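Take a look at the structure below.
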Amino acid sequence: MPPFALKVTRFGFAALGRPFPAAAARLAFRLFCLTPSRRPRGDKAQAMEKEGRDRLSKAQKMPFTVGASTVMAYRFNGDGKPGRPRYLVVHGWGSSAAYIAALPAGLADTGAEVVVLDFPGHGLSSGRSLNMRQAVESIVEAERRFGHFDAAIGHSFGGASMMLAAGGVMKAVGAISPSKLVVIGAPSHIHWLFDDFSRMVGLPPRVKAQLIRRAEHVAGASLDDFDTVASAARLGTPLLVVHAEEDKEVAADHARRFEGLGTARLEWANGLGHRRIVSDRGVIATIAAFLTGDDRPGRQISGVERPGGDAAA
């Protein structure tokens, strides 16, 4: 948010929040869920968008409806060939299937059928907002639409959403049941997002409390239930956690919370920050090996250097 707009927003919440906390919380929730512009900024982002679209041109576009939203899905190797493993891939906040296209395309090169989604408010899907329930609904509906997935892979916000969908946290929405799970640079709990947002826009404590209650009402679950480590422990499903220690958007402590969980394996992809990690060839090869069983637990992802500053794009 530009500095002037942020100042105006903070002033507005300070003025409205004390006398009208419920109204301020409604506005705050709308702002919290508002998705960023889809237009790539700068030559590098435009080139990455074009490269991603070129990769997605090899997949079938298969939109489906979730509530009031049209969700765009792209399917690689959708010829129905018997014996193909089937994977679902989801992106992070402010991203798209095009941005992470190297990952599903790389997994498709192993012979798997791969479906990758644009969440509502992102890519070619409809809308200008997204909340965790919409993300989970999109993931659950994808399994209804395309059938059972052998594995599900998610980056950042998408990784958290995928874990909540697998854990059946939102009981009214349903769940997915993959045999393996992969999260990349993903948060393991959600409270910090509300803390950071509330500090950024200057929400008074009463407004923040009502914002959280509103989010819980929409989700049909408590924020305390949005704990992907707890979901992983309940599920007992093999889980690969890939993270960079220097990630400045999702702190490495989120990944460290999985240490000691018997079904989880933690791989550090240091030097790749938060964004480049999802398209790195070494990361994709490590994920593919984990999914096919042709891997060696505990090894450093090949070709990834130790931290030397933030490498996130």
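Lettering and numbering for the structure tokens are positional, with chains as A, B, ... in the shown order, residues counted from 1 in each chain, and ligands counted from 1 in the shown order.
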
Quiz item: Hey, what's within 8 Å of range 138-149 of chain A if we count only C-alpha atoms and toss same-chain stuff fewer than 2 positions away? As number ranges by chain, please?
Solution: A: 64, 66, 71, 85-88, 119, 134-136, 151-152, 162, 165, 173-179

Export all heavy atoms of the chosen residues as a compact mmCIF listing (two decimals), in the first residue's frame?
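File produced: out-v6.txt:
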```txt
# COMPACT_ATOMS: atom_id res chain seq x y z
N PHE A 64 -13.94 -24.07 -13.41
CA PHE A 64 -15.08 -24.61 -12.68
C PHE A 64 -15.57 -23.55 -11.70
O PHE A 64 -14.89 -22.55 -11.44
CB PHE A 64 -14.75 -25.93 -11.98
CG PHE A 64 -13.61 -25.86 -10.99
CD1 PHE A 64 -13.84 -25.54 -9.65
CD2 PHE A 64 -12.31 -26.13 -11.39
CE1 PHE A 64 -12.80 -25.48 -8.73
CE2 PHE A 64 -11.25 -26.09 -10.47
CZ PHE A 64 -11.51 -25.76 -9.15
N VAL A 66 -16.96 -22.19 -8.01
CA VAL A 66 -16.97 -22.37 -6.56
C VAL A 66 -17.73 -21.20 -5.97
O VAL A 66 -17.25 -20.07 -6.00
CB VAL A 66 -15.55 -22.42 -5.97
CG1 VAL A 66 -15.61 -22.61 -4.46
CG2 VAL A 66 -14.74 -23.54 -6.61
N VAL A 71 -13.20 -20.44 -11.02
CA VAL A 71 -11.81 -20.78 -10.75
C VAL A 71 -11.21 -21.42 -12.00
O VAL A 71 -11.77 -22.37 -12.54
CB VAL A 71 -11.71 -21.75 -9.55
CG1 VAL A 71 -10.27 -22.25 -9.37
CG2 VAL A 71 -12.20 -21.08 -8.28
N PRO A 85 0.27 -41.02 -11.96
CA PRO A 85 -0.04 -40.38 -10.67
C PRO A 85 -0.69 -39.02 -10.93
O PRO A 85 -0.47 -38.41 -11.98
CB PRO A 85 1.32 -40.23 -10.00
CG PRO A 85 2.31 -40.24 -11.12
CD PRO A 85 1.72 -41.11 -12.19
N ARG A 86 -1.48 -38.55 -9.97
CA ARG A 86 -2.24 -37.32 -10.16
C ARG A 86 -1.92 -36.34 -9.03
O ARG A 86 -2.06 -36.69 -7.86
CB ARG A 86 -3.74 -37.62 -10.21
CG ARG A 86 -4.08 -38.67 -11.26
CD ARG A 86 -5.57 -38.93 -11.39
NE ARG A 86 -6.23 -37.77 -11.94
CZ ARG A 86 -7.07 -37.00 -11.26
NH1 ARG A 86 -7.32 -37.24 -10.00
NH2 ARG A 86 -7.63 -35.97 -11.83
N TYR A 87 -1.46 -35.13 -9.41
CA TYR A 87 -1.03 -34.13 -8.43
C TYR A 87 -1.85 -32.85 -8.58
O TYR A 87 -2.21 -32.45 -9.70
CB TYR A 87 0.45 -33.78 -8.63
CG TYR A 87 1.41 -34.92 -8.61
CD1 TYR A 87 2.59 -34.88 -9.36
CD2 TYR A 87 1.18 -36.07 -7.84
CE1 TYR A 87 3.51 -35.93 -9.35
CE2 TYR A 87 2.09 -37.12 -7.82
CZ TYR A 87 3.24 -37.05 -8.59
OH TYR A 87 4.13 -38.09 -8.58
N LEU A 88 -2.07 -32.20 -7.45
CA LEU A 88 -2.69 -30.87 -7.42
C LEU A 88 -1.65 -29.87 -6.94
O LEU A 88 -0.95 -30.12 -5.95
CB LEU A 88 -3.89 -30.85 -6.48
CG LEU A 88 -4.56 -29.49 -6.25
CD1 LEU A 88 -5.23 -29.00 -7.53
CD2 LEU A 88 -5.57 -29.56 -5.10
N PHE A 119 -6.37 -19.27 -7.83
CA PHE A 119 -7.35 -19.00 -6.79
C PHE A 119 -8.25 -17.82 -7.19
O PHE A 119 -7.85 -16.98 -8.01
CB PHE A 119 -6.66 -18.66 -5.47
CG PHE A 119 -6.18 -19.84 -4.68
CD1 PHE A 119 -4.90 -19.85 -4.13
CD2 PHE A 119 -6.99 -20.94 -4.47
CE1 PHE A 119 -4.45 -20.92 -3.37
CE2 PHE A 119 -6.55 -22.02 -3.72
CZ PHE A 119 -5.28 -22.01 -3.18
N GLN A 134 -12.43 -19.54 0.88
CA GLN A 134 -12.54 -19.64 -0.58
C GLN A 134 -11.42 -20.50 -1.14
O GLN A 134 -11.64 -21.28 -2.09
CB GLN A 134 -12.48 -18.25 -1.21
CG GLN A 134 -13.71 -17.40 -0.99
CD GLN A 134 -13.50 -15.99 -1.54
OE1 GLN A 134 -12.60 -15.26 -1.11
NE2 GLN A 134 -14.32 -15.62 -2.51
N ALA A 135 -10.21 -20.36 -0.59
CA ALA A 135 -9.09 -21.16 -1.07
C ALA A 135 -9.33 -22.64 -0.79
O ALA A 135 -9.13 -23.49 -1.67
CB ALA A 135 -7.80 -20.69 -0.41
N VAL A 136 -9.77 -22.96 0.42
CA VAL A 136 -10.04 -24.35 0.78
C VAL A 136 -11.18 -24.91 -0.07
O VAL A 136 -11.12 -26.05 -0.55
CB VAL A 136 -10.33 -24.48 2.28
CG1 VAL A 136 -10.80 -25.89 2.63
CG2 VAL A 136 -9.09 -24.12 3.10
N ALA A 151 -1.14 -36.65 -4.63
CA ALA A 151 -0.35 -35.70 -3.84
C ALA A 151 -0.88 -34.29 -4.08
O ALA A 151 -1.46 -34.00 -5.13
CB ALA A 151 1.13 -35.79 -4.19
N ALA A 152 -0.66 -33.44 -3.09
CA ALA A 152 -1.01 -32.02 -3.21
C ALA A 152 0.19 -31.20 -2.80
O ALA A 152 0.85 -31.51 -1.80
CB ALA A 152 -2.23 -31.68 -2.36
N MET A 162 -3.87 -25.66 1.50
CA MET A 162 -3.89 -27.08 1.13
C MET A 162 -3.82 -27.97 2.37
O MET A 162 -4.52 -28.98 2.47
CB MET A 162 -2.72 -27.35 0.19
CG MET A 162 -2.57 -28.79 -0.25
SD MET A 162 -1.41 -29.68 0.81
CE MET A 162 0.12 -28.87 0.41
N ALA A 165 -7.16 -27.93 4.00
CA ALA A 165 -8.10 -28.75 3.22
C ALA A 165 -7.86 -30.23 3.49
O ALA A 165 -8.81 -31.02 3.65
CB ALA A 165 -7.95 -28.45 1.74
N VAL A 173 -16.95 -27.45 4.68
CA VAL A 173 -16.42 -27.39 3.31
C VAL A 173 -16.06 -28.78 2.80
O VAL A 173 -16.23 -29.09 1.62
CB VAL A 173 -15.19 -26.46 3.25
CG1 VAL A 173 -14.56 -26.47 1.86
CG2 VAL A 173 -15.58 -25.04 3.63
N GLY A 174 -15.54 -29.62 3.68
CA GLY A 174 -15.08 -30.94 3.25
C GLY A 174 -13.57 -31.02 3.30
O GLY A 174 -12.90 -30.15 3.86
N ALA A 175 -13.01 -32.07 2.72
CA ALA A 175 -11.57 -32.30 2.80
C ALA A 175 -11.09 -33.02 1.56
O ALA A 175 -11.89 -33.58 0.80
CB ALA A 175 -11.25 -33.12 4.05
N ILE A 176 -9.77 -33.01 1.37
CA ILE A 176 -9.13 -33.81 0.33
C ILE A 176 -8.31 -34.89 1.03
O ILE A 176 -8.03 -34.81 2.22
CB ILE A 176 -8.24 -32.96 -0.60
CG1 ILE A 176 -7.12 -32.25 0.19
CG2 ILE A 176 -9.09 -31.94 -1.36
CD1 ILE A 176 -6.09 -31.55 -0.68
N SER A 177 -7.89 -35.91 0.27
CA SER A 177 -7.22 -37.04 0.92
C SER A 177 -6.02 -37.53 0.10
O SER A 177 -5.97 -38.70 -0.29
CB SER A 177 -8.21 -38.19 1.13
OG SER A 177 -8.84 -38.52 -0.11
N PRO A 178 -5.05 -36.65 -0.19
CA PRO A 178 -3.87 -37.11 -0.92
C PRO A 178 -3.00 -38.02 -0.07
O PRO A 178 -3.04 -37.99 1.16
CB PRO A 178 -3.13 -35.79 -1.24
CG PRO A 178 -3.57 -34.86 -0.16
CD PRO A 178 -4.98 -35.22 0.16
N SER A 179 -2.19 -38.82 -0.73
CA SER A 179 -1.30 -39.75 -0.03
C SER A 179 0.01 -39.10 0.39
O SER A 179 0.72 -39.61 1.27
CB SER A 179 -0.99 -40.96 -0.91
OG SER A 179 -2.20 -41.63 -1.26
```

Exercise. Apply DSSP to the structure's backbone, then extract all residues of range 58-275 of chain A labelled helix (DSSP H, G or I) and return them as a PyMOL selection string.
Key: chain A and resi 102-108+132-146+157-167+191-201+205-219+223-225+228-235+253-256

Quiz item: What is the CA of Glu49 in chain A to CA of Gly67 in chain A distance in Å?
Solution: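 Result for CA of Glu49 in chain A versus CA of Gly67 in chain A: 27.7 Å, one decimal.
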
Quiz item: What does the distance from CA of Arg234 in chain A to CA of His254 in chain A come to in Å, to one decimal?
Solution: 17.8 Å

Do you have, as a tab-separated table, the list of residues of range 116-228 of chain A lying at most 12 Å from range 14-38 of chain A, each with its nearest atom pair and that distance in Å to one decimal, counting only C-alpha atoms and ordered by chain then number?
```
residue	atom	partner	partner_atom	distance
A:Asp118	CA	A:Arg38	CA	11.4
A:Phe119	CA	A:Thr35	CA	10.3
A:Pro120	CA	A:Thr35	CA	8.9
A:Gly121	CA	A:Thr35	CA	5.9
A:His122	CA	A:Arg38	CA	6.6
A:Gly123	CA	A:Arg38	CA	6.6
A:Leu124	CA	A:Arg38	CA	9.1
A:Ser125	CA	A:Arg38	CA	10.6
A:Ser126	CA	A:Thr35	CA	11.2
A:Gly127	CA	A:Thr35	CA	8.7
A:Arg128	CA	A:Thr35	CA	5.5
A:Ser129	CA	A:Leu34	CA	4.4
A:Leu130	CA	A:Cys33	CA	5.2
A:Asn131	CA	A:Cys33	CA	5.6
A:Met132	CA	A:Cys33	CA	9.0
A:Arg133	CA	A:Cys33	CA	11.0
A:Gln134	CA	A:Cys33	CA	10.4
A:Ala135	CA	A:Cys33	CA	11.5
A:Leu193	CA	A:Phe32	CA	9.5
A:Phe194	CA	A:Phe32	CA	8.7
A:Asp195	CA	A:Phe32	CA	11.6
A:Asp196	CA	A:Phe32	CA	10.8
A:Phe197	CA	A:Phe32	CA	7.4
A:Ser198	CA	A:Ala28	CA	8.8
A:Arg199	CA	A:Ala14	CA	11.9
A:Met200	CA	A:Phe32	CA	10.9
A:Val201	CA	A:Ala28	CA	8.7
A:Gly202	CA	A:Ala14	CA	6.9
A:Leu203	CA	A:Ala14	CA	6.9
A:Pro204	CA	A:Gly17	CA	6.3
A:Pro205	CA	A:Gly17	CA	9.1
A:Arg206	CA	A:Pro21	CA	6.5
A:Val207	CA	A:Pro21	CA	5.1
A:Lys208	CA	A:Ala25	CA	7.0
A:Ala209	CA	A:Ala25	CA	8.4
A:Gln210	CA	A:Ala25	CA	5.8
A:Leu211	CA	A:Ala25	CA	4.8
A:Ile212	CA	A:Ala25	CA	8.6
A:Arg213	CA	A:Ala25	CA	9.2
A:Arg214	CA	A:Phe29	CA	7.5
A:Ala215	CA	A:Phe29	CA	7.3
A:Glu216	CA	A:Phe29	CA	11.1
A:His217	CA	A:Phe29	CA	11.6
A:Val218	CA	A:Phe29	CA	10.3
```

At a cut-off of 10 Å, can you tabulate as CSV every residue of range 156-231 of chain A near range 256-261 of chain A together with its closest atom pair and the distance in Å to one decimal, using only C-alpha atoms and ordering rows by chain then number?
```
residue,atom,partner,partner_atom,distance
A:Ser188,CA,A:Arg257,CA,7.6
A:His189,CA,A:Arg257,CA,9.8
A:Thr228,CA,A:Phe258,CA,9.1
A:Val229,CA,A:Phe258,CA,6.2
A:Ala230,CA,A:Phe258,CA,9.4
```

Selection file, N, CA, C and O atoms, as a short mmCIF file (atom, residue, chain, number, x, y, z; two decimals), in the first residue's frame:
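Listing of selection_23.cif after writing:
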```cif
data_model
loop_
_atom_site.label_atom_id
_atom_site.label_comp_id
_atom_site.auth_asym_id
_atom_site.auth_seq_id
_atom_site.Cartn_x
_atom_site.Cartn_y
_atom_site.Cartn_z
N SER A 188 2.73 -21.87 8.95
CA SER A 188 2.19 -23.02 9.67
C SER A 188 1.09 -22.61 10.66
O SER A 188 0.47 -23.47 11.27
N HIS A 189 0.89 -21.33 10.83
CA HIS A 189 -0.27 -20.83 11.58
C HIS A 189 -0.61 -19.45 11.03
O HIS A 189 0.12 -18.90 10.20
N THR A 228 -1.20 -25.81 10.76
CA THR A 228 -0.92 -26.90 9.82
C THR A 228 -0.05 -27.99 10.44
O THR A 228 -0.08 -29.13 9.97
N VAL A 229 0.70 -27.67 11.49
CA VAL A 229 1.46 -28.70 12.18
C VAL A 229 0.50 -29.66 12.89
O VAL A 229 0.67 -30.89 12.83
N ALA A 230 -0.53 -29.10 13.53
CA ALA A 230 -1.53 -29.94 14.18
C ALA A 230 -2.26 -30.79 13.15
O ALA A 230 -2.54 -31.98 13.38
#
```

Exercise. Work out how far apart CA of Ile284 in chain A and CA of Ala105 in chain A are and give it in Å to one decimal.
Key: 9.7 Å

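Shortest separation to Ala252 in chain A among A:Gly80, A:Pro187, A:Gly167, A:Pro3 occurs at residue A:Pro187, atoms counted being only C-alpha atoms.
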
Exercise. Enumerate as a PyMOL selection string all residues of range 103-160 of chain A assigned to strand (DSSP E or B) by DSSP on the backbone, naming them with the chain letters and numbers the document uses.
Key: chain A and resi 113-118+129+151-155

Write a file of the just-selected residues containing N, CA and C atoms, as a JSON list (two decimals), in the first residue's frame.
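Once everything was written out, this is out_27.json:
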```
[["chain", "number", "residue", "atom", "x", "y", "z"],
["A", 113, "GLU", "N", -0.14, -36.68, -14.20],
["A", 113, "GLU", "CA", -1.22, -35.74, -14.53],
["A", 113, "GLU", "C", -1.21, -34.67, -13.44],
["A", 114, "VAL", "N", -1.13, -33.43, -13.83],
["A", 114, "VAL", "CA", -0.99, -32.34, -12.86],
["A", 114, "VAL", "C", -2.05, -31.28, -13.12],
["A", 115, "VAL", "N", -2.76, -30.90, -12.06],
["A", 115, "VAL", "CA", -3.74, -29.81, -12.11],
["A", 115, "VAL", "C", -3.21, -28.67, -11.26],
["A", 116, "VAL", "N", -3.19, -27.47, -11.82],
["A", 116, "VAL", "CA", -2.77, -26.28, -11.08],
["A", 116, "VAL", "C", -3.89, -25.25, -11.18],
["A", 117, "LEU", "N", -4.16, -24.57, -10.07],
["A", 117, "LEU", "CA", -5.30, -23.64, -9.98],
["A", 117, "LEU", "C", -4.84, -22.19, -9.95],
["A", 118, "ASP", "N", -5.72, -21.31, -10.44],
["A", 118, "ASP", "CA", -5.70, -19.89, -10.10],
["A", 118, "ASP", "C", -6.77, -19.70, -9.02],
["A", 129, "SER", "N", -11.10, -10.56, -4.50],
["A", 129, "SER", "CA", -10.82, -10.86, -3.10],
["A", 129, "SER", "C", -10.63, -12.36, -2.92],
["A", 151, "ALA", "N", -1.14, -36.65, -4.63],
["A", 151, "ALA", "CA", -0.35, -35.70, -3.84],
["A", 151, "ALA", "C", -0.88, -34.29, -4.08],
["A", 152, "ALA", "N", -0.66, -33.44, -3.09],
["A", 152, "ALA", "CA", -1.01, -32.02, -3.21],
["A", 152, "ALA", "C", 0.19, -31.20, -2.80],
["A", 153, "ILE", "N", 0.46, -30.13, -3.56],
["A", 153, "ILE", "CA", 1.64, -29.30, -3.36],
["A", 153, "ILE", "C", 1.19, -27.85, -3.31],
["A", 154, "GLY", "N", 1.64, -27.09, -2.31],
["A", 154, "GLY", "CA", 1.22, -25.71, -2.21],
["A", 154, "GLY", "C", 2.36, -24.79, -1.80],
["A", 155, "HIS", "N", 2.40, -23.60, -2.41],
["A", 155, "HIS", "CA", 3.39, -22.58, -2.08],
["A", 155, "HIS", "C", 2.75, -21.51, -1.21]]
```

Quiz item: From the list A:Lys44, A:Arg265, A:Lys50, A:Arg75, which residue is nearest Met62 in chain A when using only C-alpha atoms?
Solution: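 Counting only C-alpha atoms, the residue closest to Met62 in chain A is A:Arg75.
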